[in-house]
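Below is one structure, written out as C-alpha cells, with a few remarks after it.
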Amino acid sequence: MPTASTDPHVVPSSTSSVPVKNKKSLWTNLGFQIVVAMVLGAATGFLVPEVAVPLKILGDIFLRLIKTAVAPLVFLCVVVGVTSAGDFKRVGKVGLIAMLYFEIVSTLALGVGLLAGNLLGVGQGMADATRANLAQGKAPTGAAAPHSTLDFILNVFPDNFIGAFAKGELLQVLVIALIFGAALLHLPAEKRAPIEAGLNKISDAFFQFIHLIMLTAPIGTFGAVAFAVGSSGTNVLLSLLYLILSFYAVVAIFIVVVLGTISAIFKINLFQFLNFIREEIYIVLGTASSESVLPRLLEKLPTYGCSRQSVGLVLPTGYAFNLDGTSIYMAMGVIFLANAYHVPLDLGQQLGILAIMLLTSKGAATVSGGSFVVFAATVAATGVLPLEGLPILFGVYRFMSIAIATTNVIGNSVATVVTAKLAGEFDASMAHDAMARLRAERAAAA
C-alpha cells in the first residue's frame, strides 16, 4: 500500500525522494490477508457447512465495528469539507456537479440493468422454482411496506440530531452535516477557527479508530465468506446461478465500458486507478460491504489529487445517491421476478419502474443487505410484481452483494475524481506522484 493509505497526513513532496524501505513480508499485506481469508472461508463453507454457518458472527462483528465510526466520520468529513471551502459558492459548485453526475450515471446503470435483464432472459423457465422457497433466510420484515415519494422526502430530514446517528441514516447525517457546516460558515472567523481545529483533531482520532478495526478485516472476511458458501452455496438452482453469473458479467461490462468511457473522457486511466484502490476492492470483495472502506477512501483519494474538500463532500454523498451496483441489481431483479412469475412488462411499465427505482435507490444502506431491503420496497411500490418472489432472490443475495458493493465503491471513487476535475479541485501532479509511490512500494515488497 502507498504510504498515504496508512498515514495520509504525511505525503512525500516528490517522486524523486521516495524513501528506501525494508522489504516487507507478504503476510503483512492487508490485501493478501483478505484474499487468503476469502479462500479459507470458501473452503470451510464447502467442506464443513455445519461449522461455517455459525461463523457469520465474525463478519457481523466486523461490520458492526465499522458502522460505529461511519456516521460520525461522514459528519466530520462533510462539515470540515464545507468549512474548508470557505464559502457556499465553492460548496454549491462541487455539490451541483456531483448531483448531476450521480443522476446521469445512476440512470445509465438502471438502463443497463433493464436492457441486460431483457436480453439475457433472467428468470425464464423458473415456473417450478417459484413454487419452492429456496432461501434459507426470510425476506426482511416489513419489506412490503410502501416507499412513496413523500415517504422518501420526509425521511431525508431528521427529527432528532442524535437519532440520525444512532439509526445510521446516512442521508439524515448528510443533511445535519451540511446545515451544521453552513452554521459554522456564518460564525466570525475568530469563533470558527477553534471549532474547525477541534473537528479536524476528532476526525484524525476517528481515522485511527478505523485503522485499528481494519486489523480485524481478514477475520471478518473469513466468517462472512464461510457463512455465504456454507448456508446456500450448494442449494442454488441453475436458474439462480444463471442470474448470478449474468449479474457479474453485466457489472463487469458496466465498469469497463461505462465507467471506462467516462474515465477516458476525463483523462483518467481506469485500470491504473483501480490498481490504486486495489486493497479497498479486496476488502469489499471479502466483506460485501462498501461501508467497510469508506473511511479508507476518505483518506486515500486526497493523495490521488482530489482536494480534501471535494472528497469530504462528494464521496459520502455518493454513498447515498450514486449506487451503480445497487441500481443494476434492482433493474435485473425486477426483470427476473417478472419472467419467473410470467408478469408481462411492456416498455412503458419498465420505464415507469425505472422512474421508481431512481427514487428508491437513493439512500440505500451501504452495508450488506441494504440493497435487498430497498429492492423489496421497490417491488412493493410497483404494485404488479409478486412479493412472494422476494425470498427466492434473498436466498442468493449474499453472492450478488459482493458485486453490488464492489461496483458501488468503484463507481463512487471514479465519481469523486471526475467531480473534482470538473470543479477545478484536482491536482494531476499529486496523482502522478501517488502512482509513482505505489509502484515503488510494491516493487520493494516484491
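Note on naming: chains are A, B, ... as they come in the C-alpha cells, residues start from 1 per chain, ligands start from 1 in the order shown.
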
Residues within 9 Å of region 186-202 of chain A, only C-alpha atoms, excluding chain neighbours under 6 positions, as a VMD selection string: chain A and resid 76 to 77 79 to 80 83 to 84

Dump of N, CA and C atoms for the selected residues, as a compact mmCIF listing (two decimals), in the first residue's frame:
```
# COMPACT_ATOMS: atom_id res chain seq x y z
N LEU A 76 -18.18 14.47 10.22
CA LEU A 76 -16.97 15.28 10.39
C LEU A 76 -16.38 15.67 9.04
N CYS A 77 -16.31 14.72 8.10
CA CYS A 77 -15.70 15.00 6.79
C CYS A 77 -16.51 16.02 6.00
N VAL A 79 -18.66 18.32 7.27
CA VAL A 79 -18.58 19.62 7.94
C VAL A 79 -17.23 20.27 7.65
N VAL A 80 -16.16 19.49 7.79
CA VAL A 80 -14.82 20.05 7.51
C VAL A 80 -14.71 20.44 6.05
N THR A 83 -16.61 23.81 5.65
CA THR A 83 -15.91 24.95 6.26
C THR A 83 -14.58 25.23 5.56
N SER A 84 -13.92 24.17 5.09
CA SER A 84 -12.64 24.36 4.39
C SER A 84 -12.84 25.07 3.06
```

Extract, using only C-alpha atoms, all DNA, RNA and protein residues at most 8 Å from region 403-417 of chain A, discarding same-chain residues fewer than 3 positions from it, and format them as a ChimeraX atom specification. /A:98,101-102,248,251,255,259,263,274,281,284-285,288-290,297,301,306,310-311,314-315,318-319,322-326,329,366,368,399-400,420-421,426

Given the selection you just returned, output its residues as a file containing N, CA, C and O atoms, formatted as a tab-separated table (two decimals), in the first residue's frame.
```
chain	number	residue	atom	x	y	z
A	98	ALA	N	-21.66	17.24	-8.65
A	98	ALA	CA	-21.77	15.86	-8.16
A	98	ALA	C	-23.17	15.31	-8.35
A	98	ALA	O	-23.35	14.18	-8.82
A	101	TYR	N	-23.91	14.52	-11.97
A	101	TYR	CA	-23.19	13.31	-12.35
A	101	TYR	C	-23.90	12.08	-11.80
A	101	TYR	O	-24.09	11.07	-12.51
A	102	PHE	N	-24.27	12.13	-10.52
A	102	PHE	CA	-24.92	10.98	-9.89
A	102	PHE	C	-26.19	10.57	-10.64
A	102	PHE	O	-26.44	9.39	-10.88
A	248	TYR	N	-22.85	-10.72	-12.60
A	248	TYR	CA	-21.41	-10.43	-12.52
A	248	TYR	C	-20.88	-9.97	-13.88
A	248	TYR	O	-20.04	-9.06	-13.96
A	251	VAL	N	-22.12	-6.26	-14.47
A	251	VAL	CA	-21.42	-5.23	-13.70
A	251	VAL	C	-19.99	-5.07	-14.21
A	251	VAL	O	-19.44	-3.95	-14.21
A	255	ILE	N	-18.52	-1.55	-15.55
A	255	ILE	CA	-17.29	-0.93	-15.06
A	255	ILE	C	-16.33	-0.62	-16.20
A	255	ILE	O	-15.79	0.49	-16.31
A	259	LEU	N	-18.04	3.08	-17.06
A	259	LEU	CA	-17.10	3.86	-16.25
A	259	LEU	C	-15.78	4.06	-16.98
A	259	LEU	O	-15.12	5.10	-16.81
A	263	SER	N	-14.21	7.65	-17.66
A	263	SER	CA	-12.83	7.91	-17.25
A	263	SER	C	-11.99	8.41	-18.42
A	263	SER	O	-11.19	9.34	-18.27
A	274	LEU	N	-7.87	1.73	-10.68
A	274	LEU	CA	-8.32	0.54	-9.96
A	274	LEU	C	-7.15	-0.11	-9.23
A	274	LEU	O	-7.32	-0.66	-8.13
A	281	ILE	N	-10.68	-2.60	-2.84
A	281	ILE	CA	-11.52	-3.53	-3.62
A	281	ILE	C	-11.46	-4.93	-3.01
A	281	ILE	O	-12.49	-5.61	-2.90
A	284	VAL	N	-13.70	-5.02	0.04
A	284	VAL	CA	-15.12	-5.05	-0.32
A	284	VAL	C	-15.50	-6.43	-0.85
A	284	VAL	O	-16.57	-6.96	-0.53
A	285	LEU	N	-14.63	-7.04	-1.64
A	285	LEU	CA	-14.90	-8.39	-2.15
A	285	LEU	C	-15.05	-9.38	-1.01
A	285	LEU	O	-15.85	-10.32	-1.09
A	288	ALA	N	-18.34	-7.80	1.37
A	288	ALA	CA	-19.59	-7.49	0.67
A	288	ALA	C	-20.23	-6.22	1.23
A	288	ALA	O	-21.44	-6.08	1.25
A	289	SER	N	-19.40	-5.29	1.68
A	289	SER	CA	-19.90	-4.03	2.24
A	289	SER	C	-19.05	-2.87	1.76
A	289	SER	O	-17.84	-2.83	2.01
A	290	SER	N	-19.68	-1.94	1.05
A	290	SER	CA	-18.95	-0.76	0.60
A	290	SER	C	-18.63	0.16	1.76
A	290	SER	O	-17.67	0.94	1.71
A	297	LEU	N	-11.11	5.32	1.97
A	297	LEU	CA	-11.18	6.13	0.75
A	297	LEU	C	-11.20	7.62	1.07
A	297	LEU	O	-10.66	8.43	0.31
A	301	LEU	N	-8.17	9.09	-1.32
A	301	LEU	CA	-8.42	9.84	-2.55
A	301	LEU	C	-7.78	11.23	-2.56
A	301	LEU	O	-7.36	11.69	-3.62
A	306	CYS	N	-7.34	14.69	-5.53
A	306	CYS	CA	-8.62	15.35	-5.24
A	306	CYS	C	-8.48	16.17	-3.96
A	306	CYS	O	-7.88	15.71	-2.99
A	310	SER	N	-13.42	18.37	-1.70
A	310	SER	CA	-14.26	17.67	-2.67
A	310	SER	C	-14.49	16.23	-2.25
A	310	SER	O	-15.61	15.70	-2.38
A	311	VAL	N	-13.47	15.56	-1.72
A	311	VAL	CA	-13.64	14.18	-1.25
A	311	VAL	C	-14.63	14.13	-0.10
A	311	VAL	O	-15.52	13.27	-0.06
A	314	VAL	N	-18.18	14.88	-1.77
A	314	VAL	CA	-18.69	14.03	-2.85
A	314	VAL	C	-18.81	12.56	-2.44
A	314	VAL	O	-19.83	11.92	-2.69
A	315	LEU	N	-17.76	12.02	-1.82
A	315	LEU	CA	-17.76	10.58	-1.55
A	315	LEU	C	-18.88	10.15	-0.60
A	315	LEU	O	-19.63	9.22	-0.93
A	318	GLY	N	-22.11	10.39	-2.45
A	318	GLY	CA	-22.23	9.33	-3.44
A	318	GLY	C	-22.67	8.02	-2.84
A	318	GLY	O	-23.39	7.24	-3.48
A	319	TYR	N	-22.27	7.77	-1.59
A	319	TYR	CA	-22.69	6.54	-0.91
A	319	TYR	C	-24.20	6.50	-0.72
A	319	TYR	O	-24.77	5.43	-0.49
A	322	ASN	N	-25.34	7.60	-5.33
A	322	ASN	CA	-24.71	7.09	-6.55
A	322	ASN	C	-24.33	5.63	-6.37
A	322	ASN	O	-23.15	5.28	-6.32
A	323	LEU	N	-25.34	4.76	-6.28
A	323	LEU	CA	-25.11	3.34	-6.05
A	323	LEU	C	-25.32	2.58	-7.35
A	323	LEU	O	-26.39	2.05	-7.62
A	324	ASP	N	-24.27	2.54	-8.17
A	324	ASP	CA	-24.38	1.94	-9.50
A	324	ASP	C	-24.68	0.44	-9.42
A	324	ASP	O	-25.52	-0.08	-10.16
A	325	GLY	N	-23.98	-0.26	-8.53
A	325	GLY	CA	-24.21	-1.69	-8.39
A	325	GLY	C	-25.62	-2.00	-7.91
A	325	GLY	O	-26.27	-2.93	-8.40
A	326	THR	N	-26.10	-1.21	-6.95
A	326	THR	CA	-27.46	-1.38	-6.46
A	326	THR	C	-28.47	-1.16	-7.57
A	326	THR	O	-29.46	-1.89	-7.69
A	329	TYR	N	-28.53	-4.15	-9.91
A	329	TYR	CA	-29.16	-5.29	-9.22
A	329	TYR	C	-30.68	-5.13	-9.18
A	329	TYR	O	-31.42	-6.08	-9.46
A	366	THR	N	-25.57	1.10	3.02
A	366	THR	CA	-24.31	0.72	2.39
A	366	THR	C	-23.71	-0.53	3.00
A	366	THR	O	-22.63	-0.95	2.61
A	368	SER	N	-24.02	-4.73	3.89
A	368	SER	CA	-24.59	-5.88	3.20
A	368	SER	C	-26.04	-6.08	3.60
A	368	SER	O	-26.38	-6.10	4.77
A	399	PHE	N	-24.36	-13.71	-2.49
A	399	PHE	CA	-23.38	-13.87	-3.56
A	399	PHE	C	-23.37	-12.65	-4.47
A	399	PHE	O	-22.33	-12.24	-4.97
A	400	MET	N	-24.55	-12.08	-4.71
A	400	MET	CA	-24.64	-10.92	-5.59
A	400	MET	C	-24.18	-9.64	-4.90
A	400	MET	O	-23.71	-8.71	-5.54
A	420	ALA	N	-14.12	16.24	-8.91
A	420	ALA	CA	-13.00	17.10	-8.52
A	420	ALA	C	-12.38	17.77	-9.76
A	420	ALA	O	-12.03	18.96	-9.73
A	421	LYS	N	-12.26	17.03	-10.84
A	421	LYS	CA	-11.71	17.60	-12.08
A	421	LYS	C	-12.63	18.68	-12.64
A	421	LYS	O	-12.18	19.76	-13.03
A	426	PHE	N	-8.76	19.36	-8.54
A	426	PHE	CA	-7.91	18.20	-8.77
A	426	PHE	C	-6.50	18.64	-9.13
A	426	PHE	O	-6.31	19.57	-9.92
```

Using only C-alpha atoms, pick whichever of A:Val35, A:Val256, A:Leu298, A:Ala116 has the shortest atom-to-atom distance to Met330 (chain A).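 For Met330 (chain A), the nearest of the given residues is A:Ala116.
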
Gly286 (chain A) surroundings by only C-alpha atoms, 8 Å radius, close-in-sequence under 3 positions cut, as a VMD selection string: chain A and resid 34 to 35 37 to 38 221 to 222 224 to 225 282 to 283 402

Hey, can you spit out that residue selection with N, CA and C atoms as a PDB file, in the first residue's frame?
```pdb
ATOM      1  N   ILE A  34      -6.642 -10.581   3.116  1.00  0.00           N
ATOM      2  CA  ILE A  34      -8.067 -10.649   2.751  1.00  0.00           C
ATOM      3  C   ILE A  34      -8.290 -11.780   1.750  1.00  0.00           C
ATOM      4  N   VAL A  35      -7.414 -11.879   0.739  1.00  0.00           N
ATOM      5  CA  VAL A  35      -7.567 -12.924  -0.276  1.00  0.00           C
ATOM      6  C   VAL A  35      -7.452 -14.308   0.364  1.00  0.00           C
ATOM      7  N   ALA A  37      -8.057 -15.091   3.437  1.00  0.00           N
ATOM      8  CA  ALA A  37      -9.253 -15.300   4.257  1.00  0.00           C
ATOM      9  C   ALA A  37     -10.444 -15.714   3.406  1.00  0.00           C
ATOM     10  N   MET A  38     -10.579 -15.116   2.212  1.00  0.00           N
ATOM     11  CA  MET A  38     -11.677 -15.492   1.316  1.00  0.00           C
ATOM     12  C   MET A  38     -11.561 -16.947   0.877  1.00  0.00           C
ATOM     13  N   THR A 221     -13.745 -11.172   7.122  1.00  0.00           N
ATOM     14  CA  THR A 221     -13.899 -11.703   5.766  1.00  0.00           C
ATOM     15  C   THR A 221     -14.051 -13.223   5.793  1.00  0.00           C
ATOM     16  N   PHE A 222     -13.212 -13.882   6.567  1.00  0.00           N
ATOM     17  CA  PHE A 222     -13.288 -15.346   6.678  1.00  0.00           C
ATOM     18  C   PHE A 222     -14.677 -15.788   7.130  1.00  0.00           C
ATOM     19  N   ALA A 224     -17.583 -14.122   7.022  1.00  0.00           N
ATOM     20  CA  ALA A 224     -18.641 -13.762   6.085  1.00  0.00           C
ATOM     21  C   ALA A 224     -18.674 -14.695   4.879  1.00  0.00           C
ATOM     22  N   VAL A 225     -17.501 -15.020   4.320  1.00  0.00           N
ATOM     23  CA  VAL A 225     -17.442 -15.898   3.150  1.00  0.00           C
ATOM     24  C   VAL A 225     -17.828 -17.326   3.526  1.00  0.00           C
ATOM     25  N   TYR A 282     -10.276  -5.360  -2.585  1.00  0.00           N
ATOM     26  CA  TYR A 282     -10.143  -6.673  -1.943  1.00  0.00           C
ATOM     27  C   TYR A 282     -11.013  -6.740  -0.682  1.00  0.00           C
ATOM     28  N   ILE A 283     -10.983  -5.675   0.100  1.00  0.00           N
ATOM     29  CA  ILE A 283     -11.760  -5.657   1.351  1.00  0.00           C
ATOM     30  C   ILE A 283     -13.248  -5.761   1.052  1.00  0.00           C
ATOM     31  N   ILE A 402     -21.664  -9.088  -3.191  1.00  0.00           N
ATOM     32  CA  ILE A 402     -20.228  -8.838  -3.361  1.00  0.00           C
ATOM     33  C   ILE A 402     -19.989  -7.938  -4.565  1.00  0.00           C
TER      34      ILE A 402
END
```

8 Å contact set for Asp427 (chain A), only C-alpha atoms, chain neighbours under 4 positions out, as a PDB file with C-alpha atoms, in the first residue's frame:
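As written to disk, part_25.pdb reads:
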```
ATOM      1  CA  TYR A 304      -4.542  10.960  -5.616  1.00  0.00           C
ATOM      2  CA  GLY A 305      -5.024  14.668  -6.284  1.00  0.00           C
ATOM      3  CA  CYS A 306      -8.621  15.349  -5.240  1.00  0.00           C
ATOM      4  CA  SER A 307      -8.950  18.173  -2.754  1.00  0.00           C
ATOM      5  CA  ALA A 431      -1.986  11.696  -8.893  1.00  0.00           C
TER       6      ALA A 431
END
```

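Restricting the calculation to only C-alpha atoms, the smallest distance between Gly223 (chain A) and any of A:Phe266, A:Phe207, A:Phe62, A:Phe161 is found for A:Phe62.
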
Which residue gives the smallest distance to Leu313 (chain A) among A:Leu96, A:Val396, A:Ala249, A:Leu55, with only C-alpha atoms counted?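 Going through A:Leu96, A:Val396, A:Ala249, A:Leu55 one by one, the smallest distance to Leu313 (chain A) is for A:Leu96.
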
Between A:Gln349, A:Ser401, A:Asn275, A:Thr382, which is the closest to Leu438 (chain A) once you count only C-alpha atoms?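 Among the listed residues, the smallest separation from Leu438 (chain A) belongs to A:Asn275.
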
Can you work out the spacing between CA of Gly312 (chain A) and CA of Lys267 (chain A) in Å, to one decimal?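 Result for CA of Gly312 (chain A) versus CA of Lys267 (chain A): 22.4 Å, one decimal.
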
A:Gly230, A:Asn339, A:Phe372, A:Val82 ranked by distance to Ala183 (chain A), top pick (using only C-alpha atoms):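 Closest to Ala183 (chain A) of all the choices is A:Val82.
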